[in-house]
Structure formats: C-alpha cells, structure tokens
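Text of structure.txt, listed as compact mmCIF, N, CA, C and O atoms:
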```txt
# COMPACT_ATOMS: atom_id res chain seq x y z
N MET A 1 -159.97 -70.99 52.40
CA MET A 1 -159.44 -70.17 51.34
C MET A 1 -158.51 -69.12 51.95
O MET A 1 -158.85 -68.48 52.92
N VAL A 2 -157.34 -68.93 51.37
CA VAL A 2 -156.36 -67.99 51.90
C VAL A 2 -156.12 -66.88 50.88
O VAL A 2 -155.95 -67.13 49.70
N TYR A 3 -156.11 -65.65 51.36
CA TYR A 3 -155.83 -64.50 50.51
C TYR A 3 -154.53 -63.84 50.95
O TYR A 3 -154.24 -63.78 52.14
N SER A 4 -153.77 -63.33 50.01
CA SER A 4 -152.54 -62.62 50.33
C SER A 4 -152.85 -61.19 50.73
O SER A 4 -153.93 -60.68 50.48
N VAL A 5 -151.89 -60.55 51.31
CA VAL A 5 -152.00 -59.13 51.65
C VAL A 5 -152.15 -58.34 50.36
O VAL A 5 -151.68 -58.76 49.31
N VAL A 6 -152.79 -57.20 50.45
CA VAL A 6 -152.89 -56.31 49.29
C VAL A 6 -151.48 -56.07 48.77
O VAL A 6 -150.58 -55.76 49.55
N GLN A 7 -151.28 -56.21 47.48
CA GLN A 7 -149.95 -55.99 46.94
C GLN A 7 -150.04 -55.05 45.74
O GLN A 7 -150.91 -55.21 44.90
N ILE A 8 -149.14 -54.10 45.71
CA ILE A 8 -149.05 -53.17 44.59
C ILE A 8 -147.57 -52.95 44.30
O ILE A 8 -146.78 -52.74 45.22
N ASN A 9 -147.21 -53.03 43.06
CA ASN A 9 -145.83 -52.79 42.65
C ASN A 9 -145.62 -51.27 42.64
O ASN A 9 -146.07 -50.58 41.72
N GLU A 10 -144.97 -50.77 43.68
CA GLU A 10 -144.84 -49.32 43.86
C GLU A 10 -144.10 -48.65 42.70
O GLU A 10 -144.49 -47.57 42.26
N GLU A 11 -143.04 -49.28 42.23
CA GLU A 11 -142.26 -48.68 41.16
C GLU A 11 -143.05 -48.61 39.85
O GLU A 11 -143.06 -47.59 39.16
N LYS A 12 -143.73 -49.71 39.52
CA LYS A 12 -144.52 -49.74 38.30
C LYS A 12 -145.70 -48.77 38.39
O LYS A 12 -146.02 -48.08 37.42
N PHE A 13 -146.32 -48.70 39.55
CA PHE A 13 -147.43 -47.77 39.76
C PHE A 13 -146.97 -46.32 39.57
O PHE A 13 -147.59 -45.56 38.84
N ALA A 14 -145.86 -45.96 40.21
CA ALA A 14 -145.34 -44.60 40.10
C ALA A 14 -144.97 -44.27 38.66
O ALA A 14 -145.27 -43.17 38.17
N ALA A 15 -144.34 -45.21 37.97
CA ALA A 15 -143.94 -44.98 36.58
C ALA A 15 -145.15 -44.81 35.67
O ALA A 15 -145.17 -43.96 34.78
N THR A 16 -146.18 -45.61 35.91
CA THR A 16 -147.40 -45.54 35.09
C THR A 16 -148.13 -44.22 35.30
O THR A 16 -148.58 -43.59 34.34
N VAL A 17 -148.25 -43.80 36.55
CA VAL A 17 -148.92 -42.52 36.84
C VAL A 17 -148.11 -41.36 36.25
O VAL A 17 -148.68 -40.44 35.65
N LEU A 18 -146.80 -41.41 36.36
CA LEU A 18 -145.96 -40.36 35.79
C LEU A 18 -146.10 -40.30 34.27
O LEU A 18 -146.23 -39.22 33.69
N ALA A 19 -146.13 -41.45 33.62
CA ALA A 19 -146.30 -41.49 32.17
C ALA A 19 -147.66 -40.92 31.77
O ALA A 19 -147.77 -40.17 30.79
N ALA A 20 -148.69 -41.25 32.54
CA ALA A 20 -150.03 -40.72 32.25
C ALA A 20 -150.05 -39.20 32.42
O ALA A 20 -150.63 -38.49 31.59
N LYS A 21 -149.42 -38.70 33.47
CA LYS A 21 -149.36 -37.24 33.69
C LYS A 21 -148.62 -36.56 32.53
O LYS A 21 -149.04 -35.50 32.06
N THR A 22 -147.54 -37.15 32.09
CA THR A 22 -146.77 -36.59 30.99
C THR A 22 -147.62 -36.53 29.72
O THR A 22 -147.62 -35.53 29.00
N ASN A 23 -148.37 -37.60 29.46
CA ASN A 23 -149.23 -37.64 28.27
C ASN A 23 -150.36 -36.63 28.37
O ASN A 23 -150.70 -35.97 27.38
N VAL A 24 -150.95 -36.48 29.53
CA VAL A 24 -152.03 -35.50 29.71
C VAL A 24 -151.49 -34.08 29.53
O VAL A 24 -152.12 -33.25 28.87
N ASP A 25 -150.33 -33.81 30.07
CA ASP A 25 -149.74 -32.48 29.94
C ASP A 25 -149.40 -32.16 28.48
O ASP A 25 -149.44 -31.01 28.07
N ALA A 26 -149.09 -33.18 27.70
CA ALA A 26 -148.70 -32.97 26.31
C ALA A 26 -149.89 -32.80 25.37
O ALA A 26 -149.73 -32.37 24.24
N ILE A 27 -151.09 -33.10 25.83
CA ILE A 27 -152.28 -33.00 24.98
C ILE A 27 -152.50 -31.59 24.48
O ILE A 27 -152.79 -31.34 23.32
N TYR A 28 -152.37 -30.63 25.35
CA TYR A 28 -152.76 -29.25 25.08
C TYR A 28 -151.79 -28.53 24.14
O TYR A 28 -152.19 -27.69 23.37
N GLN A 29 -150.54 -28.86 24.21
CA GLN A 29 -149.50 -28.10 23.51
C GLN A 29 -149.66 -27.99 22.00
O GLN A 29 -149.62 -26.88 21.47
N PRO A 30 -149.86 -29.08 21.26
CA PRO A 30 -149.92 -28.95 19.80
C PRO A 30 -151.05 -28.04 19.31
O PRO A 30 -150.86 -27.25 18.38
N VAL A 31 -152.20 -28.12 19.93
CA VAL A 31 -153.33 -27.31 19.48
C VAL A 31 -153.15 -25.85 19.88
O VAL A 31 -153.45 -24.94 19.11
N CYS A 32 -152.66 -25.62 21.06
CA CYS A 32 -152.52 -24.24 21.54
C CYS A 32 -151.38 -23.50 20.85
O CYS A 32 -151.43 -22.30 20.69
N GLU A 33 -150.36 -24.21 20.46
CA GLU A 33 -149.27 -23.57 19.76
C GLU A 33 -149.62 -23.31 18.30
O GLU A 33 -148.94 -22.56 17.62
N ALA A 34 -150.72 -23.89 17.83
CA ALA A 34 -151.11 -23.75 16.43
C ALA A 34 -151.87 -22.46 16.14
O ALA A 34 -152.15 -22.15 15.00
N LEU A 35 -152.21 -21.69 17.17
CA LEU A 35 -152.96 -20.46 16.95
C LEU A 35 -152.08 -19.45 16.21
O LEU A 35 -151.07 -18.99 16.73
N PRO A 36 -152.45 -19.13 14.99
CA PRO A 36 -151.59 -18.26 14.17
C PRO A 36 -151.78 -16.78 14.51
O PRO A 36 -152.81 -16.37 15.04
N GLU A 37 -150.76 -16.01 14.21
CA GLU A 37 -150.87 -14.56 14.27
C GLU A 37 -151.58 -14.13 12.99
O GLU A 37 -151.17 -14.48 11.88
N ILE A 38 -152.66 -13.40 13.14
CA ILE A 38 -153.47 -13.05 11.98
C ILE A 38 -153.44 -11.55 11.79
O ILE A 38 -153.78 -10.79 12.68
N SER A 39 -153.01 -11.13 10.60
CA SER A 39 -152.94 -9.70 10.31
C SER A 39 -154.15 -9.23 9.50
O SER A 39 -154.44 -8.05 9.46
N SER A 40 -154.82 -10.16 8.84
CA SER A 40 -156.02 -9.79 8.07
C SER A 40 -157.21 -10.56 8.62
O SER A 40 -157.06 -11.55 9.32
N ARG A 41 -158.39 -10.10 8.28
CA ARG A 41 -159.61 -10.73 8.78
C ARG A 41 -160.54 -11.07 7.61
O ARG A 41 -160.58 -10.36 6.61
N SER A 42 -161.27 -12.13 7.79
CA SER A 42 -162.33 -12.51 6.87
C SER A 42 -163.36 -13.29 7.67
O SER A 42 -163.08 -13.74 8.78
N ILE A 43 -164.52 -13.49 7.11
CA ILE A 43 -165.56 -14.23 7.81
C ILE A 43 -165.07 -15.66 8.09
O ILE A 43 -165.20 -16.18 9.20
N ALA A 44 -164.49 -16.29 7.09
CA ALA A 44 -164.01 -17.67 7.25
C ALA A 44 -162.87 -17.74 8.27
O ALA A 44 -162.83 -18.64 9.11
N LEU A 45 -161.96 -16.79 8.20
CA LEU A 45 -160.83 -16.78 9.13
C LEU A 45 -161.31 -16.51 10.55
O LEU A 45 -160.84 -17.14 11.50
N ASN A 46 -162.25 -15.59 10.70
CA ASN A 46 -162.80 -15.32 12.02
C ASN A 46 -163.47 -16.56 12.61
O ASN A 46 -163.34 -16.85 13.79
N GLU A 47 -164.20 -17.29 11.77
CA GLU A 47 -164.86 -18.52 12.21
C GLU A 47 -163.83 -19.58 12.61
O GLU A 47 -163.99 -20.27 13.61
N TYR A 48 -162.76 -19.68 11.83
CA TYR A 48 -161.68 -20.62 12.14
C TYR A 48 -161.07 -20.30 13.50
O TYR A 48 -160.88 -21.19 14.34
N VAL A 49 -160.77 -19.03 13.73
CA VAL A 49 -160.16 -18.62 14.99
C VAL A 49 -161.12 -18.89 16.16
O VAL A 49 -160.71 -19.37 17.21
N ALA A 50 -162.40 -18.63 15.96
CA ALA A 50 -163.40 -18.89 17.02
C ALA A 50 -163.49 -20.38 17.33
O ALA A 50 -163.54 -20.78 18.50
N GLN A 51 -163.50 -21.21 16.30
CA GLN A 51 -163.58 -22.66 16.52
C GLN A 51 -162.30 -23.19 17.17
O GLN A 51 -162.35 -24.09 18.01
N LEU A 52 -161.16 -22.65 16.77
CA LEU A 52 -159.90 -23.07 17.38
C LEU A 52 -159.86 -22.68 18.85
O LEU A 52 -159.43 -23.47 19.70
N ALA A 53 -160.36 -21.50 19.18
CA ALA A 53 -160.41 -21.08 20.58
C ALA A 53 -161.34 -21.98 21.38
O ALA A 53 -161.05 -22.35 22.53
N GLU A 54 -162.46 -22.38 20.79
CA GLU A 54 -163.39 -23.29 21.46
C GLU A 54 -162.74 -24.65 21.67
O GLU A 54 -162.88 -25.27 22.74
N LEU A 55 -162.02 -25.13 20.67
CA LEU A 55 -161.31 -26.40 20.79
C LEU A 55 -160.27 -26.33 21.91
O LEU A 55 -160.15 -27.25 22.71
N GLN A 56 -159.55 -25.23 21.97
CA GLN A 56 -158.55 -25.06 23.02
C GLN A 56 -159.21 -25.10 24.40
O GLN A 56 -158.69 -25.70 25.34
N SER A 57 -160.36 -24.48 24.51
CA SER A 57 -161.09 -24.47 25.77
C SER A 57 -161.53 -25.88 26.16
O SER A 57 -161.41 -26.29 27.33
N LEU A 58 -162.04 -26.64 25.21
CA LEU A 58 -162.46 -28.02 25.48
C LEU A 58 -161.28 -28.90 25.86
O LEU A 58 -161.38 -29.75 26.76
N ILE A 59 -160.17 -28.71 25.19
CA ILE A 59 -158.97 -29.49 25.51
C ILE A 59 -158.47 -29.15 26.90
O ILE A 59 -158.07 -30.03 27.67
N ALA A 60 -158.51 -27.88 27.25
CA ALA A 60 -158.09 -27.47 28.60
C ALA A 60 -159.01 -28.09 29.66
O ALA A 60 -158.53 -28.55 30.71
N LEU A 61 -160.31 -28.14 29.39
CA LEU A 61 -161.24 -28.78 30.32
C LEU A 61 -160.94 -30.27 30.44
O LEU A 61 -160.89 -30.82 31.54
N TYR A 62 -160.74 -30.93 29.30
CA TYR A 62 -160.40 -32.36 29.31
C TYR A 62 -159.12 -32.60 30.11
O TYR A 62 -159.04 -33.52 30.93
N GLN A 63 -158.13 -31.77 29.88
CA GLN A 63 -156.85 -31.91 30.57
C GLN A 63 -157.05 -31.73 32.08
O GLN A 63 -156.49 -32.49 32.88
N SER A 64 -157.85 -30.78 32.46
CA SER A 64 -158.13 -30.54 33.88
C SER A 64 -158.82 -31.75 34.51
O SER A 64 -158.46 -32.19 35.61
N LEU A 65 -159.82 -32.30 33.82
CA LEU A 65 -160.54 -33.47 34.34
C LEU A 65 -159.62 -34.69 34.41
O LEU A 65 -159.67 -35.47 35.38
N ALA A 66 -158.78 -34.87 33.40
CA ALA A 66 -157.85 -36.01 33.40
C ALA A 66 -156.85 -35.88 34.54
O ALA A 66 -156.52 -36.87 35.22
N ASN A 67 -156.36 -34.67 34.79
CA ASN A 67 -155.44 -34.46 35.91
C ASN A 67 -156.12 -34.73 37.25
O ASN A 67 -155.51 -35.28 38.16
N ALA A 68 -157.38 -34.35 37.37
CA ALA A 68 -158.12 -34.64 38.61
C ALA A 68 -158.25 -36.15 38.80
O ALA A 68 -158.10 -36.66 39.92
N ASP A 69 -158.55 -36.86 37.72
CA ASP A 69 -158.63 -38.33 37.80
C ASP A 69 -157.29 -38.93 38.20
O ASP A 69 -157.23 -39.86 39.02
N LEU A 70 -156.20 -38.41 37.65
CA LEU A 70 -154.88 -38.92 38.00
C LEU A 70 -154.54 -38.66 39.47
O LEU A 70 -153.91 -39.50 40.12
N GLN A 71 -154.97 -37.53 39.99
CA GLN A 71 -154.75 -37.25 41.41
C GLN A 71 -155.50 -38.25 42.28
O GLN A 71 -154.99 -38.72 43.29
N THR A 72 -156.71 -38.59 41.87
CA THR A 72 -157.50 -39.58 42.60
C THR A 72 -156.84 -40.95 42.53
O THR A 72 -156.74 -41.66 43.54
N ILE A 73 -156.39 -41.33 41.34
CA ILE A 73 -155.69 -42.61 41.17
C ILE A 73 -154.44 -42.65 42.03
O ILE A 73 -154.16 -43.66 42.70
N GLN A 74 -153.69 -41.56 42.07
CA GLN A 74 -152.47 -41.48 42.88
C GLN A 74 -152.82 -41.63 44.37
O GLN A 74 -152.16 -42.37 45.09
N ALA A 75 -153.87 -40.97 44.81
CA ALA A 75 -154.27 -41.05 46.22
C ALA A 75 -154.70 -42.48 46.60
O ALA A 75 -154.34 -42.98 47.66
N ILE A 76 -155.45 -43.11 45.72
CA ILE A 76 -155.89 -44.49 45.98
C ILE A 76 -154.68 -45.42 46.02
O ILE A 76 -154.58 -46.29 46.89
N GLY A 77 -153.77 -45.26 45.07
CA GLY A 77 -152.56 -46.08 45.05
C GLY A 77 -151.72 -45.89 46.30
O GLY A 77 -151.23 -46.86 46.89
N ASN A 78 -151.58 -44.64 46.73
CA ASN A 78 -150.82 -44.36 47.95
C ASN A 78 -151.49 -45.01 49.16
O ASN A 78 -150.82 -45.53 50.05
N SER A 79 -152.82 -44.98 49.19
CA SER A 79 -153.56 -45.61 50.27
C SER A 79 -153.34 -47.13 50.27
O SER A 79 -153.16 -47.74 51.34
N LEU A 80 -153.36 -47.73 49.08
CA LEU A 80 -153.11 -49.18 48.99
C LEU A 80 -151.69 -49.52 49.47
O LEU A 80 -151.49 -50.51 50.18
N ILE A 81 -150.73 -48.71 49.08
CA ILE A 81 -149.34 -48.94 49.49
C ILE A 81 -149.23 -48.83 51.01
O ILE A 81 -148.61 -49.68 51.67
N GLU A 82 -149.85 -47.79 51.57
CA GLU A 82 -149.81 -47.60 53.01
C GLU A 82 -150.50 -48.75 53.75
O GLU A 82 -149.98 -49.25 54.75
N THR A 83 -151.63 -49.19 53.26
CA THR A 83 -152.35 -50.32 53.87
C THR A 83 -151.53 -51.59 53.79
O THR A 83 -151.44 -52.35 54.77
N ASP A 84 -150.92 -51.81 52.65
CA ASP A 84 -150.07 -53.00 52.48
C ASP A 84 -148.92 -52.99 53.48
O ASP A 84 -148.62 -54.00 54.11
N GLN A 85 -148.29 -51.83 53.63
CA GLN A 85 -147.17 -51.72 54.57
C GLN A 85 -147.63 -51.92 56.02
O GLN A 85 -146.96 -52.58 56.81
N THR A 86 -148.79 -51.38 56.35
CA THR A 86 -149.33 -51.54 57.70
C THR A 86 -149.64 -53.00 57.99
O THR A 86 -149.30 -53.52 59.07
N LEU A 87 -150.29 -53.66 57.04
CA LEU A 87 -150.62 -55.08 57.23
C LEU A 87 -149.35 -55.93 57.35
O LEU A 87 -149.30 -56.85 58.17
N ALA A 88 -148.35 -55.61 56.57
CA ALA A 88 -147.09 -56.37 56.63
C ALA A 88 -146.41 -56.18 57.99
O ALA A 88 -145.89 -57.13 58.57
N LYS A 89 -146.44 -54.96 58.52
CA LYS A 89 -145.83 -54.68 59.83
C LYS A 89 -146.56 -55.41 60.94
O LYS A 89 -145.96 -55.82 61.93
N GLU A 90 -147.88 -55.57 60.79
CA GLU A 90 -148.68 -56.20 61.83
C GLU A 90 -148.72 -57.73 61.69
O GLU A 90 -149.40 -58.41 62.44
N GLY A 91 -148.02 -58.25 60.69
CA GLY A 91 -147.90 -59.69 60.54
C GLY A 91 -149.05 -60.36 59.83
O GLY A 91 -149.23 -61.56 59.93
N PHE A 92 -149.83 -59.60 59.09
CA PHE A 92 -150.94 -60.17 58.33
C PHE A 92 -150.48 -60.56 56.94
O PHE A 92 -150.88 -60.00 55.94
N SER A 93 -149.64 -61.56 56.87
CA SER A 93 -149.19 -61.99 55.55
C SER A 93 -150.28 -62.77 54.84
O SER A 93 -150.31 -62.85 53.64
N ASP A 94 -151.18 -63.37 55.61
CA ASP A 94 -152.32 -64.08 55.04
C ASP A 94 -153.54 -63.73 55.89
O ASP A 94 -153.46 -63.57 57.09
N VAL A 95 -154.67 -63.60 55.22
CA VAL A 95 -155.93 -63.36 55.91
C VAL A 95 -156.84 -64.54 55.63
O VAL A 95 -157.05 -64.91 54.48
N LEU A 96 -157.36 -65.14 56.66
CA LEU A 96 -158.20 -66.32 56.51
C LEU A 96 -159.67 -65.92 56.50
O LEU A 96 -160.10 -65.10 57.28
N LEU A 97 -160.42 -66.51 55.58
CA LEU A 97 -161.86 -66.32 55.56
C LEU A 97 -162.50 -67.32 56.53
O LEU A 97 -162.09 -68.46 56.60
N ASN A 98 -163.51 -66.89 57.25
CA ASN A 98 -164.23 -67.79 58.15
C ASN A 98 -165.33 -68.51 57.41
O ASN A 98 -165.99 -68.09 56.61
```
When written as structure tokens, how does the structure in this file appear?
Amino acid sequence: MVYSVVQINEEKFAATVLAAKTNVDAIYQPVCEALPEISSRSIALNEYVAQLAELQSLIALYQSLANADLQTIQAIGNSLIETDQTLAKEGFSDVLLN
C-alpha cells in the first residue's frame, strides 16, 4: 500500500481561515452597536439593558473562544504545510507501509 505525502492546499486553507476570522469578527458588531442611549429609566427598560449587556458579554466570550480555535487551526495548518515541504525536500514523495 502506498501513501502520498501530506498535502494541503495552502491558498484554499489561508482563504478559509481568513473568511472564518472575518465572520467571527463580525459576530459582535450588530449586537454591540444596538445598545441605545437611554434618557429615561423604567423597570422593564433597566431589565432590557441588563440582558443586552449580558448578551454582549456572552458574545464577546464566544468570539474570544472562536478566535482561539482559529489560532489553533492556523498553527496546525502551518505545521502541516511545513511538514509537507520538509518531506518533499527530503524526497519522500511516497511512504511505503511495511
């Protein structure tokens, strides 16, 4: 049985990670920009503002975790690219199983 060298399409990988980063960065904006300037207060309005602030906090946490995941994905992809290039330089176009 013959296996090929690890292969990753560098351009497609970079474009996909960039698109994911762009989408993650865009998550927070619509909710955070929706916080209104409030000149009057009421129990219902105070509760709305408190819930909106909590939602913003949760979205910020989600965004932070998603960005951490993307950094890990980027690091793994870079490692695969580097390994592929190293194997290609050393002439391992095929690896044979014993």
Which protein, DNA or RNA residues have an atom at most 5 Å from (-156.1, -29.5, 26.2), counting all atoms listed in the file? List them as a PyMOL selection string. chain A and resi 27-28+56+59-60+63
Produce a file of the selected residues containing N, CA, C and O atoms, as a PDB file, keeping the file's coordinate frame.
```
ATOM      1  N   ILE A  27    -151.090 -33.100  25.830  1.00  0.00           N
ATOM      2  CA  ILE A  27    -152.280 -33.000  24.980  1.00  0.00           C
ATOM      3  C   ILE A  27    -152.500 -31.590  24.480  1.00  0.00           C
ATOM      4  O   ILE A  27    -152.790 -31.340  23.320  1.00  0.00           O
ATOM      5  N   TYR A  28    -152.370 -30.630  25.350  1.00  0.00           N
ATOM      6  CA  TYR A  28    -152.760 -29.250  25.080  1.00  0.00           C
ATOM      7  C   TYR A  28    -151.790 -28.530  24.140  1.00  0.00           C
ATOM      8  O   TYR A  28    -152.190 -27.690  23.370  1.00  0.00           O
ATOM      9  N   GLN A  56    -159.550 -25.230  21.970  1.00  0.00           N
ATOM     10  CA  GLN A  56    -158.550 -25.060  23.020  1.00  0.00           C
ATOM     11  C   GLN A  56    -159.210 -25.100  24.400  1.00  0.00           C
ATOM     12  O   GLN A  56    -158.690 -25.700  25.340  1.00  0.00           O
ATOM     13  N   ILE A  59    -160.170 -28.710  25.190  1.00  0.00           N
ATOM     14  CA  ILE A  59    -158.970 -29.490  25.510  1.00  0.00           C
ATOM     15  C   ILE A  59    -158.470 -29.150  26.900  1.00  0.00           C
ATOM     16  O   ILE A  59    -158.070 -30.030  27.670  1.00  0.00           O
ATOM     17  N   ALA A  60    -158.510 -27.880  27.250  1.00  0.00           N
ATOM     18  CA  ALA A  60    -158.090 -27.470  28.600  1.00  0.00           C
ATOM     19  C   ALA A  60    -159.010 -28.090  29.660  1.00  0.00           C
ATOM     20  O   ALA A  60    -158.530 -28.550  30.710  1.00  0.00           O
ATOM     21  N   GLN A  63    -158.130 -31.770  29.880  1.00  0.00           N
ATOM     22  CA  GLN A  63    -156.850 -31.910  30.570  1.00  0.00           C
ATOM     23  C   GLN A  63    -157.050 -31.730  32.080  1.00  0.00           C
ATOM     24  O   GLN A  63    -156.490 -32.490  32.880  1.00  0.00           O
TER      25      GLN A  63
END
```
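Between atom O of A:Asn23 and atom C of A:Gln7 lies a distance of 26.5 Å.
Pairwise distance (atom N of A:Leu80, atom O of A:Asn67) equals 16.7 Å.
Going from atom N of A:Ala66 to atom O of A:Thr16 covers 13.5 Å.
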Output requested as an mmCIF file, in the frame of the given file - stretch 80-90 of chain A, filled out with all heavy atoms.
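Result file follows (result.cif):
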```
data_model
loop_
_atom_site.group_PDB
_atom_site.id
_atom_site.type_symbol
_atom_site.label_atom_id
_atom_site.label_comp_id
_atom_site.auth_asym_id
_atom_site.auth_seq_id
_atom_site.Cartn_x
_atom_site.Cartn_y
_atom_site.Cartn_z
ATOM 1 N N LEU A 80 -153.360 -47.730 49.080
ATOM 2 C CA LEU A 80 -153.110 -49.180 48.990
ATOM 3 C C LEU A 80 -151.690 -49.520 49.470
ATOM 4 O O LEU A 80 -151.490 -50.510 50.180
ATOM 5 C CB LEU A 80 -153.305 -49.661 47.561
ATOM 6 C CG LEU A 80 -154.738 -49.773 47.072
ATOM 7 C CD1 LEU A 80 -154.772 -50.076 45.580
ATOM 8 C CD2 LEU A 80 -155.488 -50.839 47.843
ATOM 9 N N ILE A 81 -150.730 -48.710 49.080
ATOM 10 C CA ILE A 81 -149.340 -48.940 49.490
ATOM 11 C C ILE A 81 -149.230 -48.830 51.010
ATOM 12 O O ILE A 81 -148.610 -49.680 51.670
ATOM 13 C CB ILE A 81 -148.391 -47.952 48.785
ATOM 14 C CG1 ILE A 81 -148.305 -48.282 47.292
ATOM 15 C CG2 ILE A 81 -147.010 -47.956 49.427
ATOM 16 C CD1 ILE A 81 -147.677 -47.195 46.446
ATOM 17 N N GLU A 82 -149.850 -47.790 51.570
ATOM 18 C CA GLU A 82 -149.810 -47.600 53.010
ATOM 19 C C GLU A 82 -150.500 -48.750 53.750
ATOM 20 O O GLU A 82 -149.980 -49.250 54.750
ATOM 21 C CB GLU A 82 -150.497 -46.275 53.361
ATOM 22 C CG GLU A 82 -150.384 -45.873 54.804
ATOM 23 C CD GLU A 82 -151.039 -44.527 55.040
ATOM 24 O OE1 GLU A 82 -150.660 -43.548 54.371
ATOM 25 O OE2 GLU A 82 -151.934 -44.469 55.911
ATOM 26 N N THR A 83 -151.630 -49.190 53.260
ATOM 27 C CA THR A 83 -152.350 -50.320 53.870
ATOM 28 C C THR A 83 -151.530 -51.590 53.790
ATOM 29 O O THR A 83 -151.440 -52.350 54.770
ATOM 30 C CB THR A 83 -153.713 -50.529 53.163
ATOM 31 O OG1 THR A 83 -154.491 -49.339 53.301
ATOM 32 C CG2 THR A 83 -154.460 -51.709 53.749
ATOM 33 N N ASP A 84 -150.920 -51.810 52.650
ATOM 34 C CA ASP A 84 -150.070 -53.000 52.480
ATOM 35 C C ASP A 84 -148.920 -52.990 53.480
ATOM 36 O O ASP A 84 -148.620 -54.000 54.110
ATOM 37 C CB ASP A 84 -149.561 -53.061 51.050
ATOM 38 C CG ASP A 84 -148.967 -54.416 50.688
ATOM 39 O OD1 ASP A 84 -149.472 -55.434 51.199
ATOM 40 O OD2 ASP A 84 -148.015 -54.452 49.900
ATOM 41 N N GLN A 85 -148.290 -51.830 53.630
ATOM 42 C CA GLN A 85 -147.170 -51.720 54.570
ATOM 43 C C GLN A 85 -147.630 -51.920 56.020
ATOM 44 O O GLN A 85 -146.960 -52.580 56.810
ATOM 45 C CB GLN A 85 -146.474 -50.366 54.405
ATOM 46 C CG GLN A 85 -145.740 -50.234 53.099
ATOM 47 C CD GLN A 85 -145.235 -48.830 52.824
ATOM 48 O OE1 GLN A 85 -145.586 -47.878 53.526
ATOM 49 N NE2 GLN A 85 -144.426 -48.685 51.781
ATOM 50 N N THR A 86 -148.790 -51.380 56.350
ATOM 51 C CA THR A 86 -149.330 -51.540 57.700
ATOM 52 C C THR A 86 -149.640 -53.000 57.990
ATOM 53 O O THR A 86 -149.300 -53.520 59.070
ATOM 54 C CB THR A 86 -150.614 -50.689 57.879
ATOM 55 O OG1 THR A 86 -150.286 -49.319 57.656
ATOM 56 C CG2 THR A 86 -151.205 -50.856 59.260
ATOM 57 N N LEU A 87 -150.290 -53.660 57.040
ATOM 58 C CA LEU A 87 -150.620 -55.080 57.230
ATOM 59 C C LEU A 87 -149.350 -55.930 57.350
ATOM 60 O O LEU A 87 -149.300 -56.850 58.170
ATOM 61 C CB LEU A 87 -151.491 -55.583 56.081
ATOM 62 C CG LEU A 87 -152.920 -55.055 56.047
ATOM 63 C CD1 LEU A 87 -153.615 -55.487 54.766
ATOM 64 C CD2 LEU A 87 -153.698 -55.522 57.266
ATOM 65 N N ALA A 88 -148.350 -55.610 56.570
ATOM 66 C CA ALA A 88 -147.090 -56.370 56.630
ATOM 67 C C ALA A 88 -146.410 -56.180 57.990
ATOM 68 O O ALA A 88 -145.890 -57.130 58.570
ATOM 69 C CB ALA A 88 -146.163 -55.942 55.508
ATOM 70 N N LYS A 89 -146.440 -54.960 58.520
ATOM 71 C CA LYS A 89 -145.830 -54.680 59.830
ATOM 72 C C LYS A 89 -146.560 -55.410 60.940
ATOM 73 O O LYS A 89 -145.960 -55.820 61.930
ATOM 74 C CB LYS A 89 -145.863 -53.173 60.125
ATOM 75 C CG LYS A 89 -144.860 -52.383 59.345
ATOM 76 C CD LYS A 89 -144.986 -50.893 59.676
ATOM 77 C CE LYS A 89 -144.126 -50.070 58.770
ATOM 78 N NZ LYS A 89 -144.308 -48.629 58.985
ATOM 79 N N GLU A 90 -147.880 -55.570 60.790
ATOM 80 C CA GLU A 90 -148.680 -56.200 61.830
ATOM 81 C C GLU A 90 -148.720 -57.730 61.690
ATOM 82 O O GLU A 90 -149.400 -58.410 62.440
ATOM 83 C CB GLU A 90 -150.104 -55.631 61.815
ATOM 84 C CG GLU A 90 -150.139 -54.166 62.209
ATOM 85 C CD GLU A 90 -151.523 -53.555 62.113
ATOM 86 O OE1 GLU A 90 -152.500 -54.276 61.792
ATOM 87 O OE2 GLU A 90 -151.640 -52.347 62.356
#
```
